[in-house]
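**Q** This one is final09.csv, CSV, C-alpha atoms.
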```csv
chain,number,residue,atom,x,y,z
A,332,MET,CA,-72.7,-152.5,-8.8
A,333,LYS,CA,-76.0,-150.7,-8.2
A,334,TYR,CA,-76.2,-152.0,-4.6
A,335,PHE,CA,-72.5,-151.1,-4.0
A,336,THR,CA,-73.2,-147.5,-5.1
A,337,LYS,CA,-76.3,-147.3,-2.9
A,338,THR,CA,-74.2,-148.4,0.0
A,339,ILE,CA,-71.3,-146.0,-0.3
A,340,ILE,CA,-73.6,-143.0,-0.7
A,341,HIS,CA,-75.9,-144.0,2.1
A,342,PRO,CA,-76.0,-141.6,5.1
A,343,LEU,CA,-75.2,-144.3,7.6
A,344,PHE,CA,-72.2,-145.5,5.7
A,345,VAL,CA,-70.8,-141.9,5.4
A,346,PHE,CA,-71.4,-141.4,9.2
A,347,LEU,CA,-69.6,-144.6,9.9
A,348,ILE,CA,-66.6,-143.3,8.0
A,349,ILE,CA,-66.7,-140.0,9.9
A,350,THR,CA,-66.9,-141.9,13.2
A,351,ALA,CA,-63.9,-144.1,12.3
A,352,LEU,CA,-61.9,-141.0,11.5
A,353,GLU,CA,-62.8,-139.1,14.6
A,354,CYS,CA,-62.2,-142.0,16.9
A,355,ILE,CA,-58.5,-142.6,15.9
A,356,PRO,CA,-56.5,-142.3,19.1
A,357,TYR,CA,-53.8,-139.6,19.2
A,358,THR,CA,-51.0,-141.6,20.8
A,359,ALA,CA,-47.6,-140.5,22.0
A,360,ASP,CA,-44.7,-141.7,24.1
A,361,LYS,CA,-45.7,-140.4,27.6
A,362,THR,CA,-42.7,-141.8,29.4
A,363,ILE,CA,-41.7,-139.1,31.9
A,364,ARG,CA,-37.9,-138.6,32.0
A,365,PHE,CA,-36.5,-137.4,35.3
A,366,SER,CA,-33.5,-135.7,33.8
A,367,MET,CA,-32.5,-132.6,31.9
A,368,PRO,CA,-33.1,-132.6,28.2
A,369,HIS,CA,-30.1,-132.7,26.0
A,370,THR,CA,-29.1,-130.0,23.6
A,371,GLY,CA,-31.3,-130.3,20.5
A,372,ASP,CA,-34.2,-132.1,22.3
A,373,ASN,CA,-37.8,-131.2,21.9
A,374,PHE,CA,-39.6,-131.7,25.2
A,375,ARG,CA,-42.7,-130.9,27.3
A,376,SER,CA,-44.3,-131.8,30.6
A,377,PHE,CA,-47.2,-134.2,30.8
A,378,ASP,CA,-49.7,-131.7,32.0
A,379,ASN,CA,-48.8,-128.8,29.6
A,380,PRO,CA,-49.3,-129.1,25.8
A,381,THR,CA,-46.6,-126.5,25.0
A,382,VAL,CA,-43.6,-128.1,23.3
A,383,TYR,CA,-40.1,-126.6,23.9
A,384,TYR,CA,-36.7,-126.8,22.2
A,385,TYR,CA,-33.6,-127.0,24.4
A,386,ASN,CA,-30.5,-125.2,23.1
A,387,GLY,CA,-28.2,-126.1,26.0
A,388,LYS,CA,-28.8,-122.9,27.9
A,389,GLY,CA,-32.6,-122.6,28.0
A,390,LYS,CA,-35.9,-123.4,26.3
A,391,PHE,CA,-37.7,-122.0,23.3
A,392,SER,CA,-41.4,-122.6,22.7
A,393,TYR,CA,-43.0,-123.7,19.5
A,394,SER,CA,-45.9,-121.2,19.0
A,395,SER,CA,-47.9,-123.5,16.7
A,396,GLN,CA,-47.9,-126.9,15.0
A,397,GLU,CA,-46.8,-125.2,11.8
A,398,CYS,CA,-43.8,-123.7,13.7
A,399,PHE,CA,-42.9,-127.2,15.0
A,400,PHE,CA,-42.9,-128.8,11.6
A,401,LYS,CA,-41.1,-125.9,10.0
A,402,PHE,CA,-37.9,-127.0,11.6
A,403,GLY,CA,-38.1,-130.5,10.1
A,404,ASN,CA,-39.3,-132.2,13.3
A,405,PRO,CA,-40.9,-135.7,13.0
A,406,PRO,CA,-44.5,-136.4,14.0
A,407,PHE,CA,-45.3,-135.9,17.7
A,408,GLU,CA,-45.7,-139.5,18.5
A,409,THR,CA,-42.2,-140.4,17.2
A,410,ASN,CA,-40.0,-142.2,19.8
A,411,PRO,CA,-37.8,-139.6,21.6
A,412,GLU,CA,-34.7,-141.6,20.6
A,413,ASP,CA,-35.7,-141.0,17.0
A,414,GLY,CA,-36.2,-137.2,17.4
A,415,GLY,CA,-39.6,-137.2,19.0
A,416,VAL,CA,-40.9,-135.1,21.9
A,417,LYS,CA,-39.6,-136.1,25.3
A,418,TYR,CA,-41.8,-135.9,28.4
A,419,ILE,CA,-39.9,-134.3,31.3
A,420,GLU,CA,-40.9,-133.9,34.9
A,421,LYS,CA,-42.8,-130.6,35.3
A,422,ARG,CA,-40.5,-129.1,38.0
A,423,ILE,CA,-37.5,-129.6,35.6
A,424,VAL,CA,-39.4,-128.0,32.7
A,425,ASP,CA,-40.4,-125.0,34.9
A,426,ALA,CA,-36.8,-124.6,36.1
A,427,ILE,CA,-35.3,-124.3,32.6
A,428,PRO,CA,-35.0,-120.6,31.6
A,429,TYR,CA,-37.4,-119.4,28.9
A,430,LEU,CA,-35.6,-117.8,26.0
A,431,GLY,CA,-38.3,-117.0,23.6
A,432,ASP,CA,-40.4,-118.3,20.7
A,433,MET,CA,-38.8,-120.5,18.1
A,434,CYS,CA,-40.7,-118.8,15.3
A,435,GLY,CA,-40.6,-115.3,16.8
A,436,LYS,CA,-39.3,-112.3,14.9
A,437,GLN,CA,-36.4,-111.7,17.2
A,438,LYS,CA,-35.1,-115.2,17.6
A,439,SER,CA,-35.0,-118.4,15.6
A,440,ALA,CA,-32.9,-120.9,17.6
A,441,PRO,CA,-30.6,-123.2,15.7
A,442,VAL,CA,-31.7,-126.8,15.7
A,443,TYR,CA,-29.0,-129.3,16.7
A,444,ASN,CA,-28.8,-133.0,16.4
A,445,ARG,CA,-32.1,-133.2,14.5
A,446,ILE,CA,-32.6,-136.8,13.3
A,447,LYS,CA,-34.0,-136.9,9.8
A,448,VAL,CA,-37.1,-139.1,9.4
A,449,PRO,CA,-38.0,-140.5,6.0
A,450,ALA,CA,-40.8,-138.5,4.5
A,451,TYR,CA,-43.1,-141.4,4.0
A,452,LYS,CA,-43.1,-142.1,7.8
A,453,LYS,CA,-44.0,-138.5,8.5
A,454,TYR,CA,-46.8,-138.2,5.9
A,455,LEU,CA,-48.3,-141.6,6.5
A,456,SER,CA,-48.5,-141.0,10.3
A,457,THR,CA,-52.1,-140.9,11.6
A,458,ASN,CA,-51.0,-138.1,14.0
A,459,TYR,CA,-49.6,-136.1,11.1
A,460,LEU,CA,-53.0,-136.4,9.3
A,461,LEU,CA,-54.8,-135.4,12.5
A,462,ASP,CA,-52.5,-132.4,13.0
A,463,ASN,CA,-52.7,-131.1,9.5
A,464,PHE,CA,-55.9,-132.2,7.8
A,465,SER,CA,-58.4,-132.0,10.7
A,466,ASP,CA,-60.1,-128.8,9.4
A,467,ILE,CA,-60.3,-130.0,5.8
A,468,SER,CA,-61.7,-133.4,6.8
A,469,HIS,CA,-64.4,-132.0,9.1
A,470,PHE,CA,-65.6,-129.6,6.4
A,471,THR,CA,-65.4,-132.1,3.6
A,472,PHE,CA,-67.0,-135.1,5.2
A,473,TYR,CA,-69.9,-133.2,6.7
A,474,THR,CA,-70.5,-131.7,3.3
A,475,LEU,CA,-70.7,-135.2,1.9
A,476,TRP,CA,-72.9,-136.4,4.8
A,477,ALA,CA,-75.3,-133.5,4.3
A,478,LEU,CA,-75.5,-134.3,0.5
A,479,SER,CA,-76.2,-137.9,1.3
A,480,LEU,CA,-78.9,-137.0,3.9
A,481,MET,CA,-80.6,-134.5,1.5
A,482,PHE,CA,-80.7,-137.2,-1.2
A,483,TYR,CA,-82.2,-139.8,1.0
A,484,LEU,CA,-84.7,-137.3,2.6
A,485,ARG,CA,-85.5,-135.7,-0.8
A,486,GLU,CA,-89.2,-136.3,-0.5
A,487,ASN,CA,-89.4,-134.7,3.0
A,488,LYS,CA,-90.5,-131.1,3.0
A,489,ASN,CA,-88.3,-130.4,6.0
A,490,LYS,CA,-85.2,-132.1,4.6
A,491,SER,CA,-82.9,-129.1,5.0
A,492,TYR,CA,-83.8,-128.6,8.7
A,493,LEU,CA,-83.6,-132.4,9.4
A,494,THR,CA,-80.2,-132.7,7.6
A,495,PHE,CA,-78.7,-129.8,9.5
A,496,ALA,CA,-80.1,-131.1,12.9
A,497,ILE,CA,-78.7,-134.6,12.2
A,498,CYS,CA,-75.3,-133.2,11.3
A,499,PHE,CA,-75.2,-130.9,14.3
A,500,LEU,CA,-76.2,-133.6,16.8
A,501,GLY,CA,-74.0,-136.3,15.2
A,502,GLY,CA,-71.0,-133.9,15.3
A,503,ALA,CA,-71.7,-133.0,18.9
A,504,MET,CA,-72.0,-136.6,19.9
A,505,LEU,CA,-68.7,-137.5,18.3
A,506,GLU,CA,-67.0,-134.5,20.0
A,507,PHE,CA,-68.3,-135.8,23.3
A,508,VAL,CA,-67.0,-139.3,22.5
A,509,GLN,CA,-63.6,-137.8,21.7
A,510,LEU,CA,-63.5,-135.8,24.9
A,511,PHE,CA,-64.3,-138.7,27.3
A,512,PHE,CA,-63.4,-141.9,25.5
A,513,ILE,CA,-60.6,-141.5,22.9
A,514,GLU,CA,-57.0,-141.3,24.0
A,515,GLY,CA,-55.3,-138.1,23.1
A,516,ARG,CA,-58.4,-136.5,21.4
A,517,ASN,CA,-60.3,-133.5,22.7
A,518,ALA,CA,-63.7,-131.8,22.0
A,519,SER,CA,-63.5,-128.6,20.0
A,520,PHE,CA,-66.1,-125.9,19.3
A,521,GLU,CA,-64.1,-125.0,16.2
A,522,ASP,CA,-64.5,-128.6,14.8
A,523,GLU,CA,-68.3,-128.4,15.5
A,524,GLU,CA,-68.4,-125.1,13.7
A,525,LEU,CA,-66.7,-126.7,10.7
A,526,ASN,CA,-69.2,-129.6,10.9
A,527,CYS,CA,-72.1,-127.1,10.7
A,528,LEU,CA,-70.5,-125.1,7.9
A,529,GLY,CA,-69.9,-128.3,5.9
A,530,ALA,CA,-73.6,-129.3,6.5
A,531,VAL,CA,-74.8,-125.9,5.2
A,532,VAL,CA,-72.6,-126.1,2.1
A,533,GLY,CA,-73.9,-129.7,1.5
A,534,ILE,CA,-77.5,-128.5,1.8
A,535,VAL,CA,-76.9,-125.5,-0.6
A,536,LEU,CA,-75.0,-127.7,-3.0
A,537,PHE,CA,-77.9,-130.2,-3.1
A,538,TRP,CA,-80.3,-127.4,-4.0
A,539,ILE,CA,-78.0,-126.1,-6.7
A,540,LEU,CA,-77.6,-129.6,-8.2
A,541,GLN,CA,-81.4,-130.1,-8.1
A,542,LYS,CA,-82.0,-126.7,-9.9
A,543,MET,CA,-79.5,-127.8,-12.5
A,544,LYS,CA,-81.5,-131.1,-12.8
A,545,VAL,CA,-78.4,-133.1,-11.9
A,546,ILE,CA,-80.5,-134.5,-9.1
A,547,LYS,CA,-84.1,-135.2,-9.9
A,548,LEU,CA,-86.8,-135.2,-7.3
A,549,THR,CA,-88.2,-138.7,-7.7
A,550,PRO,CA,-89.7,-141.0,-5.1
A,551,SER,CA,-87.1,-142.7,-3.0
A,552,SER,CA,-87.0,-146.5,-3.0
```
So, in terms of structure tokens, how does the structure I just supplied come out?
**A**
Amino acid sequence: MKYFTKTIIHPLFVFLIITALECIPYTADKTIRFSMPHTGDNFRSFDNPTVYYYNGKGKFSYSSQECFFKFGNPPFETNPEDGGVKYIEKRIVDAIPYLGDMCGKQKSAPVYNRIKVPAYKKYLSTNYLLDNFSDISHFTFYTLWALSLMFYLRENKNKSYLTFAICFLGGAMLEFVQLFFIEGRNASFEDEELNCLGAVVGIVLFWILQKMKVIKLTPSS
């Protein structure tokens, strides 16, 4: 049990968990459909991230992910036949008249033919987790990583600087990997800011725990 505990709080183990989470591909059905969307369809073009809703006369844009899920839509990667987002040729998307924002003050378009997806499928979707818990996970896991690093570097006088530098560089490296090597994932300055904020909170939390004598400054082994 002692070795198990040492393993799960080791900085390398925590970093491996962070790496695994940040390298989950964000997949979706990218089949381009060379036809008009049907009434009630959600659709977008391959080269534009904006998702639209078609009401039979024109398109309404979803202004945010929160707006998209507000209407009971399933996760983005859901098959179009099951209510997911269709990929339509760009020239067709551009030709459809724009009628406004789905969550705008002036217009909230009625949603037709929405296929209900069981809640467990939505909430257990990796893309749903990526869409909704990214900010929380970045902050939380980098706080834990900083705590782990501070503990294992506790005898080093520069442990705070080293911990922050490791978290910063580790986060930047993973953002680089996401940008160039992970399908559907992109680098984000906001994510790196959350990484750094989590690292700072972890460092401060370690000092507080040490002052409270929850963590004792003893030689590492």
**Q** Have a look at CA of Lys401 in chain A and CA of Val416 in chain A and let me know their distance in Å, one decimal.
**A**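 Separation between CA of Lys401 in chain A and CA of Val416 in chain A: 15.0 Å.
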**Q** How many Å separate CA of Ile423 in chain A from CA of Ser366 in chain A?
**A**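 So the two atoms, CA of Ile423 in chain A and CA of Ser366 in chain A, lie 7.5 Å apart.
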**Q** Fewer than 5 positions away in the same chain doesn't count, so skip those; otherwise give me all residues within 12 Å of Tyr385 in chain A, counting all atoms listed in the file, as a ChimeraX atom specification.
**A** /A:367-375,390-393,416-417,419,424,427-433,440-445
**Q** Kindly indicate which residue among A:Thr381, A:Asn526, A:Thr350, A:Ser376 lies nearest to Ile467 in chain A, using all atoms listed in the file for the distances.
**A** A:Asn526
**Q** Can you list, as number ranges by chain, every protein, DNA or RNA residue that comes within 7 Å of Phe470 in chain A when you count all atoms listed in the file, leaving out same-chain residues fewer than 2 positions away?
**A** A: 466-468, 472-474, 525-526, 528-529
**Q** For the selection just defined, write its residues with C-alpha atoms to a file, as a short mmCIF file (atom, residue, chain, number, x, y, z; two decimals), in the coordinates of the input.
**A**
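result_28.cif, written as the output of this step:
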```cif
data_model
loop_
_atom_site.label_atom_id
_atom_site.label_comp_id
_atom_site.auth_asym_id
_atom_site.auth_seq_id
_atom_site.Cartn_x
_atom_site.Cartn_y
_atom_site.Cartn_z
CA ASP A 466 -60.10 -128.80 9.40
CA ILE A 467 -60.30 -130.00 5.80
CA SER A 468 -61.70 -133.40 6.80
CA PHE A 472 -67.00 -135.10 5.20
CA TYR A 473 -69.90 -133.20 6.70
CA THR A 474 -70.50 -131.70 3.30
CA LEU A 525 -66.70 -126.70 10.70
CA ASN A 526 -69.20 -129.60 10.90
CA LEU A 528 -70.50 -125.10 7.90
CA GLY A 529 -69.90 -128.30 5.90
#
```
**Q** Do you know which residues are at most 7 Å from range 478-486 of chain A counting all atoms listed in the file, after dropping those on the same chain fewer than 2 positions away, and could you put them as a list in words?
**A**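 Selected residues are Ile340, His341, Pro342, Thr474, Leu475, Trp476, Lys488, Lys490, Ser491, Thr494, Gly533, Ile534, Phe537, Leu548, Pro550 and Ser551 of chain A.
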**Q** Looking at all atoms listed in the file, which of A:Ile497, A:Asn404, A:Gly435, A:Leu505 is the one that sits closest to Ile349 in chain A?
**A**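 Comparing A:Ile497, A:Asn404, A:Gly435, A:Leu505 against Ile349 in chain A, the winner is A:Leu505.
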**Q** Nearest residue to Leu536 in chain A out of A:Phe511, A:Asp378, A:Ser519, A:Ala477, using all atoms listed in the file?
**A** A:Ala477
**Q** Measuring atom to atom with all atoms listed in the file, identify which of A:Leu540, A:Ser465, A:Leu347, A:Asn489 is nearest to Glu523 in chain A.
**A**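 Ranking A:Leu540, A:Ser465, A:Leu347, A:Asn489 by distance to Glu523 in chain A, first place goes to A:Ser465.
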**Q** So, counting all atoms listed in the file, which residue among A:Glu353, A:Ser394, A:Glu412, A:Phe344 is closest to Met504 in chain A?
**A**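 The answer is A:Glu353, which sits nearest to Met504 in chain A.
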